[in-house]
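*Asks:* Below is the structure I would like to discuss, written out as structure tokens.
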Amino acid sequence: MQLCNQKTAVHVAGASRASRAQRSVCRPRAAAATEPVTASTTAAEPLMMRALRGDAVERPPVWMMRQAGRYMKVYQDLCKKHTTFRERSENVDLAVEVSLQPWLAFKPDGVILFSDILTPLPGMNIPFDITAGKGPVIAEPIRTMEQVKQVTKLDAEGACPFVGESLRILRNEVGNEAAVLGFVGAPFTLATYIVEGGSSKSFAHIKKMAFASPKVLHALLDKLADNVADYVRYQVRWLFKDHNNIFLYLVTLFSAAGFLADYVHYQVRFAVFPSRGGVVMLLRCCLAGS
């Protein structure tokens with residue numbers, strides 16, 4: 001689903017298993033307009049942006065939910081030369097090249113930044129790696145309040161400069177032919193990796209924390225919520241660079257573990273943005289100070 005206001009739109013990916021079949025198509029949804037939209041302001045805007053604002057469009061916009069067409073031979077050939085995911089996603093030239101591969105082949109209406117939801121973690125004092133065949137690995141999972149206290153405020157500009165530069169280049173490469181989507185992980189989904197130490201099928205540690213140490217989990221989610229909001233705001237600023245005439249921005253909010261929220265008796269607003277007023281907080285942060 002996508003949540004949007006007049007200025008910023010956030011596409012929530014993976015929020016529930018039932019919505020998987022609908023992720024690839026963005027269905028137009030009316031948004032309350034705060035200023036008149038004229039033909040001159042919309043003529044050059046990508047289809048997806050017009051649809052998210054609620055304009056009448058010629059067809060529903062379509063894009064790939066995954067950041068890249070990983071089945072594509074051109075991507076597989078690139079992986080043979082650049083063997084680690086972090087190299088491909090944290091090198092500006094490679095991230096841009098991979099992000100553009102599906103767009104150059106199929107011309108979808110959206111181009112999603114090739115990245116990983118864990119990319120900003122080192123900037124929060126949470127080191128990680130991605131190993132072949134195993135996926136993300138966090139050597140020191142966070143499971144105590146003392147460890148939560150060591151999680152730092154994210155300086156996205158200093159920790160992830162390649163993300164902003166990749167977004168700027170992508171925006172210039174596709175122009176107004178497609179929307180460029182940023183990419184972040186929802187706090188609860190990030191917490192599952194941080195607490196479990198990587199991917200998990202049982203999510204035993206975070207379930208235990210939710211019942212046995214809820215204050216620890218809430219403290220971790222609070223910090224992650226603030227940092228994710230800052231990370232989104234950082235990406236929006238870079239999407240804005242060199243394009244002052246474009247006033248609607250898109251960010252994919254990936255929430256693959258959202259289905260666990262019911263299990264641990266959390267309302268959706270806690271699973272996404274704890275004690276901060278829900279997703280509206282994220283939208284406000286995208287606009288404030290940008």
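Naming scheme: A, B, ... for chains in displayed order of the structure tokens; residues 1 onward per chain; ligands 1 onward as shown.
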Give me, as a VMD selection string, all polymer residues having an atom no more than 10 Å from stretch 167-177 of chain A, counting only C-alpha atoms and skipping those fewer than 3 positions away in the same chain.
*Replies:* chain A and resid 43 to 48 92 to 93 95 to 97 99 to 100 103 to 104 107 to 114 162 to 164 180 to 183 235 to 243 246
*Asks:* For the residues in that selection, give me N, CA, C and O atoms as a short mmCIF file (atom, residue, chain, number, x, y, z; two decimals), in the first residue's frame.
*Replies:*
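Listed below is the output, again-v2.cif:
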data_model
loop_
_atom_site.label_atom_id
_atom_site.label_comp_id
_atom_site.auth_asym_id
_atom_site.auth_seq_id
_atom_site.Cartn_x
_atom_site.Cartn_y
_atom_site.Cartn_z
N ALA A 43 2.24 18.34 -16.28
CA ALA A 43 2.52 17.82 -17.62
C ALA A 43 3.83 17.05 -17.67
O ALA A 43 3.95 16.06 -18.37
N ALA A 44 4.83 17.55 -16.92
CA ALA A 44 6.14 16.92 -16.99
C ALA A 44 6.38 15.91 -15.88
O ALA A 44 7.45 15.34 -15.79
N GLU A 45 5.40 15.68 -15.04
CA GLU A 45 5.58 14.78 -13.91
C GLU A 45 5.39 13.33 -14.31
O GLU A 45 4.54 13.01 -15.15
N PRO A 46 6.16 12.41 -13.71
CA PRO A 46 5.99 10.99 -14.00
C PRO A 46 4.58 10.50 -13.66
O PRO A 46 3.93 11.02 -12.75
N LEU A 47 4.15 9.49 -14.37
CA LEU A 47 2.81 8.93 -14.19
C LEU A 47 2.55 8.52 -12.74
O LEU A 47 1.47 8.78 -12.19
N MET A 48 3.53 7.87 -12.10
CA MET A 48 3.31 7.40 -10.74
C MET A 48 3.04 8.54 -9.78
O MET A 48 2.18 8.45 -8.90
N VAL A 92 28.59 3.84 -5.70
CA VAL A 92 27.63 4.67 -6.43
C VAL A 92 27.43 4.19 -7.86
O VAL A 92 26.30 4.00 -8.33
N ASP A 93 28.50 3.98 -8.58
CA ASP A 93 28.39 3.58 -9.98
C ASP A 93 27.65 2.26 -10.13
O ASP A 93 26.80 2.10 -11.02
N ALA A 95 25.55 0.81 -7.86
CA ALA A 95 24.17 0.94 -7.40
C ALA A 95 23.30 1.59 -8.47
O ALA A 95 22.16 1.16 -8.71
N VAL A 96 23.83 2.59 -9.13
CA VAL A 96 23.09 3.25 -10.20
C VAL A 96 22.89 2.30 -11.37
O VAL A 96 21.78 2.19 -11.93
N GLU A 97 23.94 1.59 -11.75
CA GLU A 97 23.85 0.67 -12.87
C GLU A 97 22.79 -0.41 -12.62
O GLU A 97 21.95 -0.70 -13.49
N SER A 99 20.29 -0.32 -10.44
CA SER A 99 18.96 0.29 -10.33
C SER A 99 18.34 0.53 -11.70
O SER A 99 17.12 0.41 -11.87
N LEU A 100 19.18 0.87 -12.66
CA LEU A 100 18.67 1.22 -13.99
C LEU A 100 18.43 0.00 -14.88
O LEU A 100 17.73 0.12 -15.90
N TRP A 103 14.82 -0.76 -15.62
CA TRP A 103 14.19 0.38 -16.28
C TRP A 103 14.62 0.46 -17.74
O TRP A 103 13.81 0.71 -18.64
N LEU A 104 15.89 0.23 -18.00
CA LEU A 104 16.37 0.27 -19.37
C LEU A 104 15.76 -0.86 -20.20
O LEU A 104 15.54 -0.72 -21.40
N LYS A 107 11.23 -0.21 -19.03
CA LYS A 107 10.66 1.13 -18.84
C LYS A 107 9.43 1.11 -17.91
O LYS A 107 8.36 1.62 -18.26
N PRO A 108 9.55 0.56 -16.70
CA PRO A 108 8.45 0.68 -15.75
C PRO A 108 8.31 2.13 -15.29
O PRO A 108 9.15 2.98 -15.61
N ASP A 109 7.27 2.39 -14.53
CA ASP A 109 6.98 3.76 -14.12
C ASP A 109 7.73 4.19 -12.87
O ASP A 109 7.64 5.35 -12.46
N GLY A 110 8.44 3.26 -12.25
CA GLY A 110 9.22 3.59 -11.07
C GLY A 110 10.59 2.94 -11.11
O GLY A 110 10.74 1.82 -11.62
N VAL A 111 11.59 3.64 -10.61
CA VAL A 111 12.96 3.11 -10.50
C VAL A 111 13.34 3.13 -9.03
O VAL A 111 13.47 4.21 -8.43
N ILE A 112 13.49 1.95 -8.43
CA ILE A 112 13.78 1.86 -6.99
C ILE A 112 15.28 1.77 -6.78
O ILE A 112 15.98 1.02 -7.45
N LEU A 113 15.77 2.55 -5.85
CA LEU A 113 17.18 2.52 -5.51
C LEU A 113 17.61 1.12 -5.11
O LEU A 113 16.99 0.48 -4.27
N PHE A 114 18.69 0.63 -5.72
CA PHE A 114 19.24 -0.66 -5.34
C PHE A 114 20.00 -0.48 -4.03
O PHE A 114 21.04 0.19 -3.98
N PHE A 162 26.88 7.56 -0.31
CA PHE A 162 26.65 6.91 -1.59
C PHE A 162 25.16 6.78 -1.91
O PHE A 162 24.77 6.74 -3.08
N VAL A 163 24.32 6.74 -0.88
CA VAL A 163 22.87 6.65 -1.10
C VAL A 163 22.36 7.93 -1.73
O VAL A 163 21.65 7.92 -2.75
N GLY A 164 22.70 9.06 -1.14
CA GLY A 164 22.25 10.33 -1.68
C GLY A 164 22.76 10.59 -3.08
O GLY A 164 22.01 11.03 -3.97
N VAL A 180 11.56 8.11 -9.22
CA VAL A 180 12.65 7.45 -8.51
C VAL A 180 12.21 7.25 -7.06
O VAL A 180 11.77 8.19 -6.40
N LEU A 181 12.33 6.02 -6.58
CA LEU A 181 11.92 5.69 -5.23
C LEU A 181 13.13 5.45 -4.35
O LEU A 181 14.02 4.67 -4.71
N GLY A 182 13.18 6.11 -3.21
CA GLY A 182 14.18 5.79 -2.20
C GLY A 182 13.86 4.45 -1.56
O GLY A 182 12.86 3.80 -1.90
N PHE A 183 14.67 4.03 -0.60
CA PHE A 183 14.48 2.70 -0.03
C PHE A 183 14.95 2.68 1.42
O PHE A 183 16.12 2.97 1.70
N GLN A 235 17.09 11.05 2.22
CA GLN A 235 16.88 10.61 0.84
C GLN A 235 16.00 11.59 0.07
O GLN A 235 16.24 11.85 -1.12
N VAL A 236 14.99 12.14 0.73
CA VAL A 236 14.12 13.10 0.07
C VAL A 236 14.90 14.34 -0.35
O VAL A 236 14.69 14.88 -1.44
N ARG A 237 15.81 14.79 0.50
CA ARG A 237 16.61 15.97 0.14
C ARG A 237 17.41 15.71 -1.13
O ARG A 237 17.56 16.59 -1.98
N TRP A 238 17.94 14.50 -1.26
CA TRP A 238 18.74 14.19 -2.45
C TRP A 238 17.87 14.00 -3.68
O TRP A 238 18.29 14.31 -4.79
N LEU A 239 16.66 13.49 -3.51
CA LEU A 239 15.74 13.41 -4.64
C LEU A 239 15.35 14.81 -5.10
O LEU A 239 15.01 15.04 -6.27
N PHE A 240 15.39 15.75 -4.19
CA PHE A 240 15.02 17.14 -4.48
C PHE A 240 16.14 17.88 -5.20
O PHE A 240 15.88 18.83 -5.95
N LYS A 241 17.38 17.47 -4.99
CA LYS A 241 18.51 18.18 -5.58
C LYS A 241 18.39 18.26 -7.10
O LYS A 241 18.08 17.28 -7.76
N ASP A 242 18.62 19.43 -7.62
CA ASP A 242 18.61 19.68 -9.07
C ASP A 242 17.22 19.58 -9.69
O ASP A 242 17.08 19.64 -10.90
N HIS A 243 16.19 19.37 -8.84
CA HIS A 243 14.83 19.20 -9.40
C HIS A 243 13.84 19.98 -8.55
O HIS A 243 12.91 19.41 -7.97
N ILE A 246 9.99 19.51 -9.01
CA ILE A 246 9.29 18.27 -8.66
C ILE A 246 8.97 18.31 -7.17
O ILE A 246 9.86 18.40 -6.35
#
*Asks:* Please return as a list in words: the residues of stretch 76-166 of chain A that backbone DSSP assigns to strand (DSSP E).
*Replies:*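 Residues of stretch 76-166 of chain A classed as strand (DSSP E): Gly110, Val111, Ile112, Asp129, Ile130, Thr131, Gly135, Pro136 and Val137 of chain A.
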*Asks:* For atom CA of A:Ile130 and atom CA of A:Arg86, determine how far apart the two atoms are, in Å to one decimal place.
*Replies:*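 Separation between atom CA of A:Ile130 and atom CA of A:Arg86: 7.0 Å.
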*Asks:* From the list A:Val232, A:Leu224, A:Ala132, A:Ala186, which residue is nearest A:Ala156 when using only C-alpha atoms?
*Replies:*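 Looking at the shortest contact to A:Ala156, the residue is A:Val232.
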*Asks:* Figure out the distance between atom CA of A:Phe188 and atom CA of A:Leu221, please, to one decimal in Å.
*Replies:*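 Atom CA of A:Leu221 sits 6.6 Å away from atom CA of A:Phe188.
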*Asks:* Find the residue from A:Ala204, A:Ala191, A:Ala229, A:Met72 that sits nearest to A:Val251; use only C-alpha atoms when measuring.
*Replies:*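 Nearest candidate to A:Val251 out of A:Ala204, A:Ala191, A:Ala229, A:Met72: A:Ala229.
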*Asks:* If you run DSSP on this backbone, which residues of stretch 201-255 of chain A come out as alpha helix (DSSP H), and could you give them as an NGL selection string?
*Replies:* :A and (204-212 or 214-240)
*Asks:* Kindly save the residues from that selection, with N, CA and C atoms included, as a tab-separated table (two decimals), in the first residue's frame.
*Replies:*
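Final output, part.tsv:
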chain	number	residue	atom	x	y	z
A	204	ALA	N	12.51	-16.15	17.39
A	204	ALA	CA	12.37	-16.51	18.79
A	204	ALA	C	12.86	-15.40	19.73
A	205	HIS	N	13.97	-14.76	19.39
A	205	HIS	CA	14.55	-13.78	20.31
A	205	HIS	C	13.70	-12.52	20.41
A	206	ILE	N	13.19	-12.04	19.29
A	206	ILE	CA	12.41	-10.81	19.37
A	206	ILE	C	11.03	-11.08	19.96
A	207	LYS	N	10.49	-12.27	19.77
A	207	LYS	CA	9.23	-12.64	20.43
A	207	LYS	C	9.44	-12.70	21.94
A	208	LYS	N	10.54	-13.30	22.35
A	208	LYS	CA	10.84	-13.37	23.78
A	208	LYS	C	11.01	-11.97	24.36
A	209	MET	N	11.72	-11.10	23.64
A	209	MET	CA	11.93	-9.74	24.11
A	209	MET	C	10.61	-9.00	24.25
A	210	ALA	N	9.71	-9.21	23.29
A	210	ALA	CA	8.43	-8.51	23.31
A	210	ALA	C	7.63	-8.82	24.56
A	211	PHE	N	7.71	-10.06	25.05
A	211	PHE	CA	6.95	-10.46	26.23
A	211	PHE	C	7.74	-10.30	27.53
A	212	ALA	N	9.04	-10.64	27.49
A	212	ALA	CA	9.85	-10.64	28.71
A	212	ALA	C	10.50	-9.30	29.00
A	214	PRO	N	9.69	-5.91	27.32
A	214	PRO	CA	9.06	-4.97	26.39
A	214	PRO	C	9.69	-3.58	26.43
A	215	LYS	N	10.20	-3.15	27.58
A	215	LYS	CA	10.83	-1.83	27.64
A	215	LYS	C	12.08	-1.77	26.78
A	216	VAL	N	12.80	-2.87	26.73
A	216	VAL	CA	14.01	-2.92	25.89
A	216	VAL	C	13.62	-2.81	24.42
A	217	LEU	N	12.59	-3.56	24.02
A	217	LEU	CA	12.16	-3.51	22.63
A	217	LEU	C	11.64	-2.13	22.27
A	218	HIS	N	10.85	-1.54	23.15
A	218	HIS	CA	10.32	-0.20	22.87
A	218	HIS	C	11.45	0.82	22.76
A	219	ALA	N	12.44	0.70	23.62
A	219	ALA	CA	13.56	1.64	23.58
A	219	ALA	C	14.32	1.51	22.26
A	220	LEU	N	14.49	0.27	21.81
A	220	LEU	CA	15.17	0.04	20.54
A	220	LEU	C	14.33	0.59	19.39
A	221	LEU	N	13.03	0.31	19.40
A	221	LEU	CA	12.16	0.78	18.33
A	221	LEU	C	12.08	2.31	18.30
A	222	ASP	N	12.10	2.93	19.46
A	222	ASP	CA	12.08	4.40	19.50
A	222	ASP	C	13.29	4.97	18.78
A	223	LYS	N	14.47	4.41	19.07
A	223	LYS	CA	15.68	4.91	18.42
A	223	LYS	C	15.64	4.63	16.92
A	224	LEU	N	15.19	3.44	16.55
A	224	LEU	CA	15.12	3.11	15.14
A	224	LEU	C	14.12	3.99	14.41
A	225	ALA	N	12.99	4.30	15.05
A	225	ALA	CA	11.99	5.16	14.43
A	225	ALA	C	12.56	6.53	14.11
A	226	ASP	N	13.27	7.10	15.07
A	226	ASP	CA	13.88	8.42	14.84
A	226	ASP	C	14.91	8.36	13.72
A	227	ASN	N	15.73	7.32	13.74
A	227	ASN	CA	16.79	7.21	12.73
A	227	ASN	C	16.24	6.94	11.34
A	228	VAL	N	15.21	6.11	11.25
A	228	VAL	CA	14.60	5.84	9.95
A	228	VAL	C	13.97	7.11	9.39
A	229	ALA	N	13.31	7.88	10.24
A	229	ALA	CA	12.71	9.14	9.79
A	229	ALA	C	13.79	10.07	9.26
A	230	ASP	N	14.92	10.16	9.97
A	230	ASP	CA	16.02	11.00	9.50
A	230	ASP	C	16.58	10.48	8.17
A	231	TYR	N	16.63	9.16	8.03
A	231	TYR	CA	17.15	8.55	6.81
A	231	TYR	C	16.24	8.85	5.62
A	232	VAL	N	14.95	8.80	5.85
A	232	VAL	CA	14.00	9.14	4.78
A	232	VAL	C	14.15	10.61	4.40
A	233	ARG	N	14.24	11.48	5.40
A	233	ARG	CA	14.39	12.90	5.12
A	233	ARG	C	15.65	13.17	4.31
A	234	TYR	N	16.71	12.46	4.65
A	234	TYR	CA	17.98	12.59	3.91
A	234	TYR	C	17.79	12.18	2.45
A	235	GLN	N	17.09	11.05	2.22
A	235	GLN	CA	16.88	10.61	0.84
A	235	GLN	C	16.00	11.59	0.07
A	236	VAL	N	14.99	12.14	0.73
A	236	VAL	CA	14.12	13.10	0.07
A	236	VAL	C	14.90	14.34	-0.35
A	237	ARG	N	15.81	14.79	0.50
A	237	ARG	CA	16.61	15.97	0.14
A	237	ARG	C	17.41	15.71	-1.13
A	238	TRP	N	17.94	14.50	-1.26
A	238	TRP	CA	18.74	14.19	-2.45
A	238	TRP	C	17.87	14.00	-3.68
A	239	LEU	N	16.66	13.49	-3.51
A	239	LEU	CA	15.74	13.41	-4.64
A	239	LEU	C	15.35	14.81	-5.10
A	240	PHE	N	15.39	15.75	-4.19
A	240	PHE	CA	15.02	17.14	-4.48
A	240	PHE	C	16.14	17.88	-5.20
*Asks:* If you count only C-alpha atoms, which residues fall within 8 Å of A:Ile117, apart from same-chain ones fewer than 6 positions away, as a list in words?
*Replies:*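 So, after excluding close chain neighbours, the residues are Phe183, Val184, Gly185, Leu190 and Phe254 of chain A.
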*Asks:* Could you check the closest approach to A:Glu140 for each of A:Glu196, A:Asp55, A:Asp77, A:Glu90 and tell me which residue wins, using only C-alpha atoms?
*Replies:*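 The shortest atom-to-atom distance to A:Glu140 comes from A:Glu196.
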*Asks:* Taking only C-alpha atoms into account, which of A:Met64, A:Gly158, A:Ser213, A:Met49 comes nearest A:Pro102?
*Replies:*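 Among the listed residues, A:Met64 lies closest to A:Pro102.
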